[in-house]
Amino acid sequence: MTFPDAPQATAHAKINLFLHITGRRDDGYHLLDSLAVFAGAADRITLEGPADTMSLTIDGPFGQGLEADDQNLVLRAARALQAKAGTAFNGLTESFRLKLEKNLPVSSGIGGGSADAAGTLRLLAREWNADQATLFPIAEKLGADVPVCIAQRPARMQGIGEILAPAPVLPDAGLLLVNPGVGVSTPEVFRAFAAGGGITERPQAFLPTRWDSAEAMVADLNATTNDLQAPALSQCPVIGTVLASIGSLPECLLARMSGSGATCFGIFPNPDSAKNAARILNEQSARLNWWTWAGGFHHTGSST
Ligand SMILES: C[C@@](CO)(OP(=O)(O)O)[C@H](O)COP(=O)(O)OP(=O)(O)OC[C@H]1O[C@@H](n2ccc(N)nc2=O)[C@H](O)[C@@H]1O
Ligand SMILES: Nc1ncnc2c1ncn2[C@@H]1O[C@H](COP(=O)(O)OP(=O)(O)O)[C@@H](O)[C@H]1O
């Protein structure tokens with residue numbers, strides 16, 4: 001049982017509105033230029049109580065198939081912060097029973113695991129009075145997407161994700177997320193990208209300081225792309241069906257894949273038009289058992 005006032009963190013889905021690959025480091029990691037934003041859809045992490053060692057239980061619609069083992073990003077984040085900033089009593093570092101409510105599909109290009117790691121760091125930082133400067137080096141080691149998930153605010157991501165620059169203030173647009181239930185491996189998609197010819201030389205994308213409407217945002221996004229979409233599609237052809245389905249919905253302004261896939265998003269004039277589109281898509285594709293979510297952005301303003 002979870003107590004109503006148990007400390008909790010929400011771990012919001014990250015969406016790459018565009019993703020350009022600009023180079024490659026000597027260690028093989030790809031350099032990116034990407035606009036990362038956050039959707040209302042979220043996992044939830046709860047600190048259920050004290051324990052002798054860090055422990056984790058998982059529930060929620062996508063909890064099955066995700067192990068609560070040492071590799072889980074919640075436990076890895078908890079232990080990494082514990083080692084740096086944990087409070088000790090009688091010679092023992094404080095540990096907790098953690099619970100993860102997994103609402104976001106796994107390995108799906110919306111950074112659910114990264115968001116969980118960042119949410120766990122925020123939650124435990126409150127318990128142990130750790131500041132953001134302590135969290136960042138830990139976040140970077142946990143994964144390329146974890147730093148942007150700390151603030152969960154729109155940011156332009158560069159480097160491999162560790163360089164965060166201000167993003168435009170977002171409009172109150174509608175967002176539809178659709179995942180066809182097929183997990184996609186991020187390293188394999190990057191490998192397919194490299195095998196398919198690699199980097200396209202192009203001028204850096206222009207981004208204004210704000211967008212006042214979904215239409216203005218989409219006008220600029222139309223000059224960008226997701227470089228991982230074609231390689232992901234070659235590995236997982238159903239992504240093409242998802243993109244075509246989103247693009248055919250009423251009032252859809254843009255249909256694109258997020259991250260390394262397979263989740264795709266649609267941009268709509270406002271959250272209600274996105275919810276209406278989701279209702280129509282769910283009726284059309286009920287037999288396919290796709291995961292859908294519709295609403296708005298989590299935060300519209302950048303933190304940097
Ligand atoms: C592609 C992106 C875009 O936001 O999102 P997702 O599809 O994961 O949501 C991220 O860069 C993914 O970040 P993240 O999922 O944290 O990746 P990591 O665990 O650090 O890396 C997994 C593997 O992907 C490859 N990788 C990852 C990031 C990067 N910039 N270049 C890479 O080549 C590497 O082979 C690495 O071993
Ligand atoms: N709490 C977690 N949630 C999701 N995936 C996790 C978690 N902990 C570890 N993982 C592992 O991290 C990998 C990437 O997961 P995820 O962040 O969902 O992918 P993506 O960034 O593509 O959406 C998967 O192989 C998964 O097994």
# chains A, B, ... in the order shown; residues from 1 in each chain; ligands from 1
$ residues_around --residues "stretch 3-19 of chain A" --least-positions-apart "5" --cutoff "9 Å" --atoms "only C-alpha atoms" --output "CSV table (one decimal) with C-alpha atoms, in the first residue's frame"
chain,number,residue,atom,x,y,z
A,32,LEU,CA,23.0,15.3,-32.0
A,33,ASP,CA,21.1,18.6,-32.4
A,34,SER,CA,17.6,17.9,-31.1
A,35,LEU,CA,14.7,19.8,-29.6
A,36,ALA,CA,13.5,17.7,-26.7
A,37,VAL,CA,10.1,18.5,-25.1
A,38,PHE,CA,8.0,16.7,-22.6
A,39,ALA,CA,4.5,15.3,-22.8
A,40,GLY,CA,1.9,15.1,-20.1
A,41,ALA,CA,2.2,11.2,-20.2
A,42,ALA,CA,4.4,10.0,-17.3
A,43,ASP,CA,5.6,7.2,-15.1
A,44,ARG,CA,5.5,7.7,-11.4
A,45,ILE,CA,8.1,6.9,-8.8
A,46,THR,CA,7.2,6.6,-5.1
A,47,LEU,CA,9.3,6.5,-2.0
A,48,GLU,CA,7.3,3.9,0.0
A,49,GLY,CA,9.4,3.9,3.2
A,104,LEU,CA,5.2,4.5,-20.7
A,109,GLY,CA,12.0,6.5,-28.2
A,110,ILE,CA,10.3,8.5,-25.5
A,111,GLY,CA,13.0,8.0,-22.9
A,112,GLY,CA,10.9,6.4,-20.2
A,113,GLY,CA,13.9,4.8,-18.5
A,114,SER,CA,15.9,8.0,-18.6
A,115,ALA,CA,12.9,9.9,-17.2
A,116,ASP,CA,12.6,7.3,-14.4
A,117,ALA,CA,16.3,7.7,-13.6
A,118,ALA,CA,16.0,11.5,-13.5
A,119,GLY,CA,12.8,11.3,-11.4
A,120,THR,CA,14.5,9.0,-8.9
A,122,ARG,CA,15.1,14.4,-8.0
A,123,LEU,CA,13.1,12.4,-5.4
A,145,ASP,CA,19.0,11.3,-22.3
A,148,VAL,CA,17.5,16.7,-20.2
A,149,CYS,CA,15.0,14.7,-18.0
A,152,GLN,CA,11.8,18.0,-17.8
A,221,LEU,CA,9.7,22.0,-37.8
A,224,THR,CA,13.9,19.8,-39.8
A,225,THR,CA,13.7,16.0,-39.6
A,226,ASN,CA,14.4,13.0,-37.5
A,227,ASP,CA,17.5,11.4,-39.0
A,228,LEU,CA,16.8,8.2,-37.1
A,256,ARG,CA,7.0,12.3,-37.0
A,257,MET,CA,8.9,9.6,-35.0
A,258,SER,CA,10.5,10.5,-31.7
A,259,GLY,CA,14.1,9.5,-30.8
A,264,CYS,CA,5.5,8.5,-33.3
A,265,PHE,CA,3.8,11.8,-32.5
A,298,HIS,CA,4.2,19.1,-19.7
$ atom_distance --atom1 "atom 10 (N, counted along the ligand's line) of ligand 2" --atom2 "atom CA of A:Asn282"
27.5 Å
$ select_by_dssp --residues "stretch 47-276 of chain A" --states "strand (DSSP E)" --output "PyMOL selection string"
chain A and resi 47-51+55-59+88-89+92-93+95-101+155-159+163-166+174-179+254-257+264-268
$ write_last_selection --atoms "C-alpha atoms" --output "short mmCIF file (atom, residue, chain, number, x, y, z; two decimals), in the first residue's frame"
data_model
loop_
_atom_site.label_atom_id
_atom_site.label_comp_id
_atom_site.auth_asym_id
_atom_site.auth_seq_id
_atom_site.Cartn_x
_atom_site.Cartn_y
_atom_site.Cartn_z
CA LEU A 47 9.34 6.47 -2.00
CA GLU A 48 7.33 3.95 0.00
CA GLY A 49 9.41 3.85 3.16
CA PRO A 50 12.79 3.10 4.72
CA ALA A 51 14.51 -0.25 4.07
CA SER A 55 14.64 -2.12 -3.28
CA LEU A 56 12.18 -1.71 -6.12
CA THR A 57 8.73 -2.99 -7.06
CA ILE A 58 7.08 -2.26 -10.41
CA ASP A 59 3.42 -2.05 -11.38
CA ALA A 88 24.24 7.81 7.05
CA PHE A 89 22.71 6.75 10.40
CA LEU A 92 24.53 2.69 7.58
CA THR A 93 23.57 4.78 4.54
CA SER A 95 17.98 3.15 1.89
CA PHE A 96 14.37 3.10 0.67
CA ARG A 97 11.64 0.91 -0.76
CA LEU A 98 10.92 2.43 -4.17
CA LYS A 99 7.92 1.80 -6.40
CA LEU A 100 7.75 2.43 -10.14
CA GLU A 101 4.37 2.80 -11.84
CA ALA A 155 15.64 22.14 -24.25
CA ARG A 156 17.84 22.07 -27.30
CA MET A 157 20.09 19.04 -26.76
CA GLN A 158 23.55 18.97 -28.26
CA GLY A 159 26.71 16.92 -27.77
CA ILE A 163 24.84 20.16 -23.66
CA LEU A 164 21.48 21.80 -22.96
CA ALA A 165 20.59 25.16 -24.52
CA PRO A 166 17.37 27.22 -24.29
CA GLY A 174 -1.95 19.27 -28.95
CA LEU A 175 0.22 16.18 -28.90
CA LEU A 176 -0.73 12.63 -29.84
CA LEU A 177 1.65 9.75 -29.07
CA VAL A 178 1.25 6.35 -30.74
CA ASN A 179 3.32 3.24 -30.12
CA LEU A 254 2.75 17.10 -38.45
CA ALA A 255 3.45 13.35 -37.98
CA ARG A 256 6.99 12.27 -37.04
CA MET A 257 8.87 9.62 -35.05
CA CYS A 264 5.51 8.50 -33.29
CA PHE A 265 3.84 11.80 -32.46
CA GLY A 266 1.29 14.05 -34.12
CA ILE A 267 1.09 17.81 -33.54
CA PHE A 268 -2.40 19.32 -33.43
#
$ residues_around --residues "stretch 272-278 of chain A" --least-positions-apart "6" --cutoff "12 Å" --atoms "only C-alpha atoms" --output "ChimeraX atom specification"
/A:172-178,214,245-255,265-266,284-286,290-297
$ atom_distance --atom1 "atom 23 (O, counted along the ligand's line) of ligand 2" --atom2 "atom CA of A:Ala195"
22.1 Å
$ atom_distance --atom1 "atom 11 (C, counted along the ligand's line) of ligand 2" --atom2 "atom CA of A:Asn72"
6.3 Å
$ closest_residue --among "A:Ser213, A:Ser185, A:Ser107, A:Thr87" --to "A:Leu66" --atoms "only C-alpha atoms"
A:Ser107
$ closest_residue --among "A:Leu207, A:Ser108, A:Leu121, A:Pro231" --to "A:Arg191" --atoms "only C-alpha atoms"
A:Pro231
$ closest_residue --among "A:Pro147, A:Leu142, A:Trp211, A:Pro168" --to "A:Arg76" --atoms "only C-alpha atoms"
A:Leu142
$ closest_residue --among "A:Val238, A:Ala139, A:Met54, A:Val184" --to "ligand 2" --atoms "only C-alpha atoms and all ligand atoms"
A:Val184
$ residues_around --residues "A:Ala80" --least-positions-apart "2" --cutoff "10 Å" --atoms "only C-alpha atoms" --output "list of chain:residue names"
A:Val74, A:Leu75, A:Arg76, A:Ala77, A:Ala78, A:Gln82, A:Ala83, A:Lys84, A:Ala85, A:Gly86, A:Leu121, A:Leu135, A:Ile138, A:Ala139, A:Lys141, A:Leu142
$ residues_around --residues "A:His30" --least-positions-apart "4" --cutoff "7 Å" --atoms "only C-alpha atoms" --output "list in words"
Ile21, Gly23, Arg24, Arg25 and Ile160 of chain A
$ closest_residue --among "A:Ser302, A:Asn270, A:Asn222, A:Thr186" --to "ligand 1" --atoms "only C-alpha atoms and all ligand atoms"
A:Thr186
$ select_by_dssp --residues "stretch 102-227 of chain A" --states "helix (DSSP H, G or I)" --output "MDAnalysis selection string"
chainID A and resid 112:128 132:142 146:151 186:195 214:221
$ write_last_selection --atoms "C-alpha atoms" --output "CSV table (one decimal), in the first residue's frame"
chain,number,residue,atom,x,y,z
A,112,GLY,CA,10.9,6.4,-20.2
A,113,GLY,CA,13.9,4.8,-18.5
A,114,SER,CA,15.9,8.0,-18.6
A,115,ALA,CA,12.9,9.9,-17.2
A,116,ASP,CA,12.6,7.3,-14.4
A,117,ALA,CA,16.3,7.7,-13.6
A,118,ALA,CA,16.0,11.5,-13.5
A,119,GLY,CA,12.8,11.3,-11.4
A,120,THR,CA,14.5,9.0,-8.9
A,121,LEU,CA,17.5,11.5,-8.7
A,122,ARG,CA,15.1,14.4,-8.0
A,123,LEU,CA,13.1,12.4,-5.4
A,124,LEU,CA,16.2,11.3,-3.5
A,125,ALA,CA,17.9,14.7,-3.9
A,126,ARG,CA,15.0,16.2,-1.8
A,127,GLU,CA,15.5,13.6,0.9
A,128,TRP,CA,19.2,14.1,1.0
A,132,GLN,CA,21.5,20.0,-9.2
A,133,ALA,CA,25.3,20.3,-9.5
A,134,THR,CA,25.5,16.9,-7.8
A,135,LEU,CA,22.9,15.3,-10.0
A,136,PHE,CA,24.2,16.3,-13.4
A,137,PRO,CA,27.5,14.1,-13.5
A,138,ILE,CA,25.4,11.1,-12.2
A,139,ALA,CA,22.7,11.7,-14.8
A,140,GLU,CA,25.3,11.8,-17.7
A,141,LYS,CA,26.7,8.5,-16.7
A,142,LEU,CA,23.3,6.8,-16.5
A,146,VAL,CA,19.0,11.5,-18.5
A,147,PRO,CA,20.4,15.1,-18.2
A,148,VAL,CA,17.5,16.7,-20.2
A,149,CYS,CA,15.0,14.7,-18.0
A,150,ILE,CA,16.2,16.3,-14.8
A,151,ALA,CA,14.4,19.6,-15.4
A,186,THR,CA,18.5,2.3,-29.8
A,187,PRO,CA,22.1,1.0,-30.5
A,188,GLU,CA,20.7,-1.0,-33.5
A,189,VAL,CA,19.0,2.1,-35.0
A,190,PHE,CA,22.2,4.1,-34.6
A,191,ARG,CA,24.1,1.3,-36.3
A,192,ALA,CA,21.5,1.2,-39.2
A,193,PHE,CA,21.9,5.0,-39.5
A,194,ALA,CA,25.7,4.7,-39.9
A,195,ALA,CA,25.3,1.8,-42.3
A,214,ALA,CA,1.1,25.1,-33.2
A,215,GLU,CA,1.0,26.2,-36.9
A,216,ALA,CA,4.0,28.5,-36.4
A,217,MET,CA,5.9,25.8,-34.6
A,218,VAL,CA,5.1,23.2,-37.4
A,219,ALA,CA,6.2,25.7,-40.1
A,220,ASP,CA,9.7,25.8,-38.5
A,221,LEU,CA,9.7,22.0,-37.8
$ residues_around --residues "A:Pro237" --least-positions-apart "4" --cutoff "12 Å" --atoms "only C-alpha atoms" --output "JSON, numbers by chain"
{"A": [180, 182, 184, 229, 230, 231, 232, 233, 241, 242, 243, 244, 261, 262]}
$ closest_residue --among "A:Gly196, A:Pro208, A:Gly183, A:Gly91" --to "A:Gly65" --atoms "only C-alpha atoms"
A:Gly183
$ residues_around --residues "A:Val169" --least-positions-apart "5" --cutoff "8 Å" --atoms "only C-alpha atoms" --output "PyMOL selection string"
chain A and resi 154+209-211+300-302
$ write_last_selection --atoms "N, CA and C atoms" --output "PDB file, in the first residue's frame"
ATOM      1  N   PRO A 154      11.426  21.994 -21.983  1.00  0.00           N
ATOM      2  CA  PRO A 154      11.947  22.012 -23.351  1.00  0.00           C
ATOM      3  C   PRO A 154      13.398  22.457 -23.372  1.00  0.00           C
ATOM      4  N   THR A 209      12.730  32.458 -30.392  1.00  0.00           N
ATOM      5  CA  THR A 209      12.668  32.406 -28.922  1.00  0.00           C
ATOM      6  C   THR A 209      11.314  31.892 -28.433  1.00  0.00           C
ATOM      7  N   ARG A 210      10.266  32.025 -29.287  1.00  0.00           N
ATOM      8  CA  ARG A 210       8.969  31.465 -28.893  1.00  0.00           C
ATOM      9  C   ARG A 210       8.138  31.152 -30.136  1.00  0.00           C
ATOM     10  N   TRP A 211       7.180  30.243 -29.962  1.00  0.00           N
ATOM     11  CA  TRP A 211       6.180  29.988 -31.002  1.00  0.00           C
ATOM     12  C   TRP A 211       4.827  30.316 -30.382  1.00  0.00           C
ATOM     13  N   THR A 300       5.832  24.387 -20.950  1.00  0.00           N
ATOM     14  CA  THR A 300       6.049  25.041 -22.247  1.00  0.00           C
ATOM     15  C   THR A 300       7.293  25.930 -22.232  1.00  0.00           C
ATOM     16  N   GLY A 301       7.807  26.247 -21.038  1.00  0.00           N
ATOM     17  CA  GLY A 301       8.959  27.159 -20.964  1.00  0.00           C
ATOM     18  C   GLY A 301      10.237  26.438 -20.610  1.00  0.00           C
ATOM     19  N   SER A 302      11.332  26.885 -21.250  1.00  0.00           N
ATOM     20  CA  SER A 302      12.646  26.298 -21.031  1.00  0.00           C
ATOM     21  C   SER A 302      13.194  26.733 -19.661  1.00  0.00           C
TER      22      SER A 302
END
